[in-house]
Amino acid sequence: MAKKKRQVRADFRKNRSNPARDRIRADAVDPQLDEAASRQSVRGKGELTRRRTLAGAEVVDDPSGAMVLPAIDPTVCRLGRVLRVQALVSLVQLEDGTQRRCATRRLLKTLATDQRHVVAAGDVAWVRPEGVHEGIIERIEPRRGVLSRTSRGKQHVLVANVDLVLAIVSAAEPRLRPHLIDRYIVTAERNGIEAVICINKIDLCNPAELQPLVGVYSQLGYRVVLASATQGWNLDDVRSALHGRHTAVAGQSGVGKSSLLNSVQPGLDRRVQTVSAENEKGRHTTTTAELIPLADGGFVVDTPGIRQFQLWDVIPAEVAGYFRDFRPYVSQCRYPNCTHLHEEPCAVKDAVADGYIDVRRYESYLQMLDDNPAR
């Protein structure tokens with residue numbers, strides 16, 4: 001007896017407007033027929049128009065949310081890795097090393113989702129070859145190690161399937177933003193990704209001034225690398241952090257992400273620009289995330305520079321749990337649902353006042369709660 005195919009009822013986006021009424025002259029219509037037709041409808045109503053049954057599909061849990069896996073023909077489709085997504089075209093490298101420019105199957109694009117884009121750099125995808133160098137992405141495999149943020153109310157997946165985030169900030173030009181470091185760290189903790197902090201452009205300041213900041217993160221167990229891409233300082237430390245790892249390189253525009261990668265692996269020739277002299281803000285040089293193989297093993301994903309990084313899928317009650325320095329004190333608060341804002345007594349606030357928790361880290365926590373005003 002043949003095995004019964006699995007069936008999944010999936011939600012779809014409402015991407016089609018109601019059809020226009022037939023343009024028929026009023027005097028050419030029989031009033032009785034017109035009245036009878038108005039009482040009949042063959043179209044679905046309300047939410048029913050947004051659901052379809054997919055034979056052979058399955059639903060799996062994913063860091064990006066519940067993911068529908070459509071059925072594919074493994075004898076035709078081939079497995080690959082998404083190197084770059086640009087507009088409607090994704091560059092995918094197949095298992096045999098060949099690369100194909102792929103469009104995305106319409107079914108994937110019309111499934112209801114909280115994501116801004118269905119395909120992201122680093123995704124493992126099933127591709128149906130078309131022509132000589134083209135193909136169609138038929139399915140995206142479940143992700144792990146997702147680096148994402150909130151953008152326009154949706155999840156913007158910067159990169160998928162990484163095990164390390166190299167959070168790059170600059171000592172100057174643009175100014176150092178420790179709060180951005182904390183946001184990358186919380187996202188990494190949330191998704192089970194290791195985080196390494198790299199402070200670039202240390203030739204533009206006195207490195208001794210950075211020691212208090214370095215000490216805070218080092219005591220929490222995070223690796224901190226002080227480097228200079230232009231002077232070649234401590235590049236071996238950066239290489240050792242990247243060696244054999246699947247790394248997402250993240251940071252705001254102008255901190256020198258592409259310059260650092262060019263120095264770590266000569267020959268990459270990543271495009272770079274200078275920082276604006278008027279406002280010390282970086283120019284958007286890298287416009288799309290791209291997966292880059294490294295000569296020493298592993299790969300990096302050079303992500304576009306961003307100036308704001310709002311957390312995705314982190315409710316206010318969870319934020320404190322992702323701060324390593326808060327954890328020893330959270331259980332000592334008087335109230336089990338303490339927000340560490342106005343409650344008294346609060347062990348976290350007491351630890352801040354006594355100097356056991358860095359004041360600036362506590363301020364980062366408050367800013368993250370402001371991203372999620374519902375408490």
# chains A, B, ... in the order shown; residues from 1 in each chain; ligands from 1
$ select_by_dssp --residues "segment 105-326 of chain A" --states "helix (DSSP H, G or I)" --output "NGL selection string"
:A and (106-110 or 178-190 or 202-204 or 207-219 or 235-242 or 257-264 or 316-322)
$ residues_around --residues "Arg84 of chain A" --least-positions-apart "5" --cutoff "10 Å" --atoms "only C-alpha atoms" --output "list in words"
Val89, Ser90, Leu91, Val92, Gln93, Arg101, Val119, Ala120, Ala121, Gly122, Asp123, Val159, Thr288, Ala289, Glu290, Leu291, Ile292 and Val301 of chain A
$ residues_around --residues "Ala295 of chain A" --least-positions-apart "4" --cutoff "10 Å" --atoms "only C-alpha atoms" --output "list in words"
His243, Gly244, Gln265, Pro266 and Phe299 of chain A
$ write_last_selection --atoms "N, CA and C atoms" --output "PDB file, in the first residue's frame"
ATOM      1  N   HIS A 243      39.890  31.466  12.071  1.00  0.00           N
ATOM      2  CA  HIS A 243      40.390  30.212  11.507  1.00  0.00           C
ATOM      3  C   HIS A 243      39.387  29.070  11.664  1.00  0.00           C
ATOM      4  N   GLY A 244      38.967  28.504  10.541  1.00  0.00           N
ATOM      5  CA  GLY A 244      38.095  27.335  10.540  1.00  0.00           C
ATOM      6  C   GLY A 244      36.681  27.592  11.008  1.00  0.00           C
ATOM      7  N   GLN A 265      43.379  38.760   4.795  1.00  0.00           N
ATOM      8  CA  GLN A 265      43.612  37.876   3.658  1.00  0.00           C
ATOM      9  C   GLN A 265      43.890  38.719   2.415  1.00  0.00           C
ATOM     10  N   PRO A 266      45.154  38.984   2.111  1.00  0.00           N
ATOM     11  CA  PRO A 266      45.496  39.765   0.925  1.00  0.00           C
ATOM     12  C   PRO A 266      44.933  39.130  -0.345  1.00  0.00           C
ATOM     13  N   PHE A 299      34.902  30.412   6.483  1.00  0.00           N
ATOM     14  CA  PHE A 299      34.513  31.538   5.644  1.00  0.00           C
ATOM     15  C   PHE A 299      33.990  32.667   6.519  1.00  0.00           C
TER      16      PHE A 299
END
$ atom_distance --atom1 "atom CA of Leu260 of chain A" --atom2 "atom CA of Cys205 of chain A"
17.5 Å
$ closest_residue --among "A:Leu235, A:Gly254, A:Thr247, A:Phe323" --to "Ser364 of chain A" --atoms "only C-alpha atoms"
A:Phe323
$ atom_distance --atom1 "atom CA of Asp269 of chain A" --atom2 "atom CA of Leu94 of chain A"
24.0 Å
$ select_by_dssp --residues "segment 110-242 of chain A" --states "strand (DSSP E)" --output "MDAnalysis selection string"
chainID A and resid 124:130 134:140 147:151 154:159 164:170 194:200 223:226
$ closest_residue --among "A:Ala188, A:Val196, A:Cys338, A:Ile202" --to "Trp312 of chain A" --atoms "only C-alpha atoms"
A:Ala188
$ residues_around --residues "segment 303-305 of chain A" --least-positions-apart "6" --cutoff "12 Å" --atoms "only C-alpha atoms" --output "number ranges by chain"
A: 83-85, 120-122, 147-148, 157-160, 165-169, 247-258, 261, 270-272, 281-292
$ residues_around --residues "segment 221-230 of chain A" --least-positions-apart "4" --cutoff "8 Å" --atoms "only C-alpha atoms" --output "list in words"
Ala195, Val196, Ile197, Cys198, Ile199, Asn200, Lys201, Ile202, Asp203, Val214, Tyr217, Asn234, Leu235, Asp237, Val238, Gly256, Ser259, Leu260 and Ser263 of chain A
$ residues_around --residues "segment 137-143 of chain A" --least-positions-apart "5" --cutoff "6 Å" --atoms "only C-alpha atoms" --output "count of residues only"
8
$ closest_residue --among "A:Leu79, A:Val68, A:Ile357, A:Ala57" --to "Gln219 of chain A" --atoms "only C-alpha atoms"
A:Ile357
$ closest_residue --among "A:Arg327, A:Ser218, A:Leu311, A:Tyr335" --to "Arg183 of chain A" --atoms "only C-alpha atoms"
A:Leu311
$ closest_residue --among "A:His179, A:Arg128, A:Lys109, A:Arg81" --to "Met368 of chain A" --atoms "only C-alpha atoms"
A:His179
$ atom_distance --atom1 "atom CA of Gly355 of chain A" --atom2 "atom CA of Gln332 of chain A"
16.7 Å
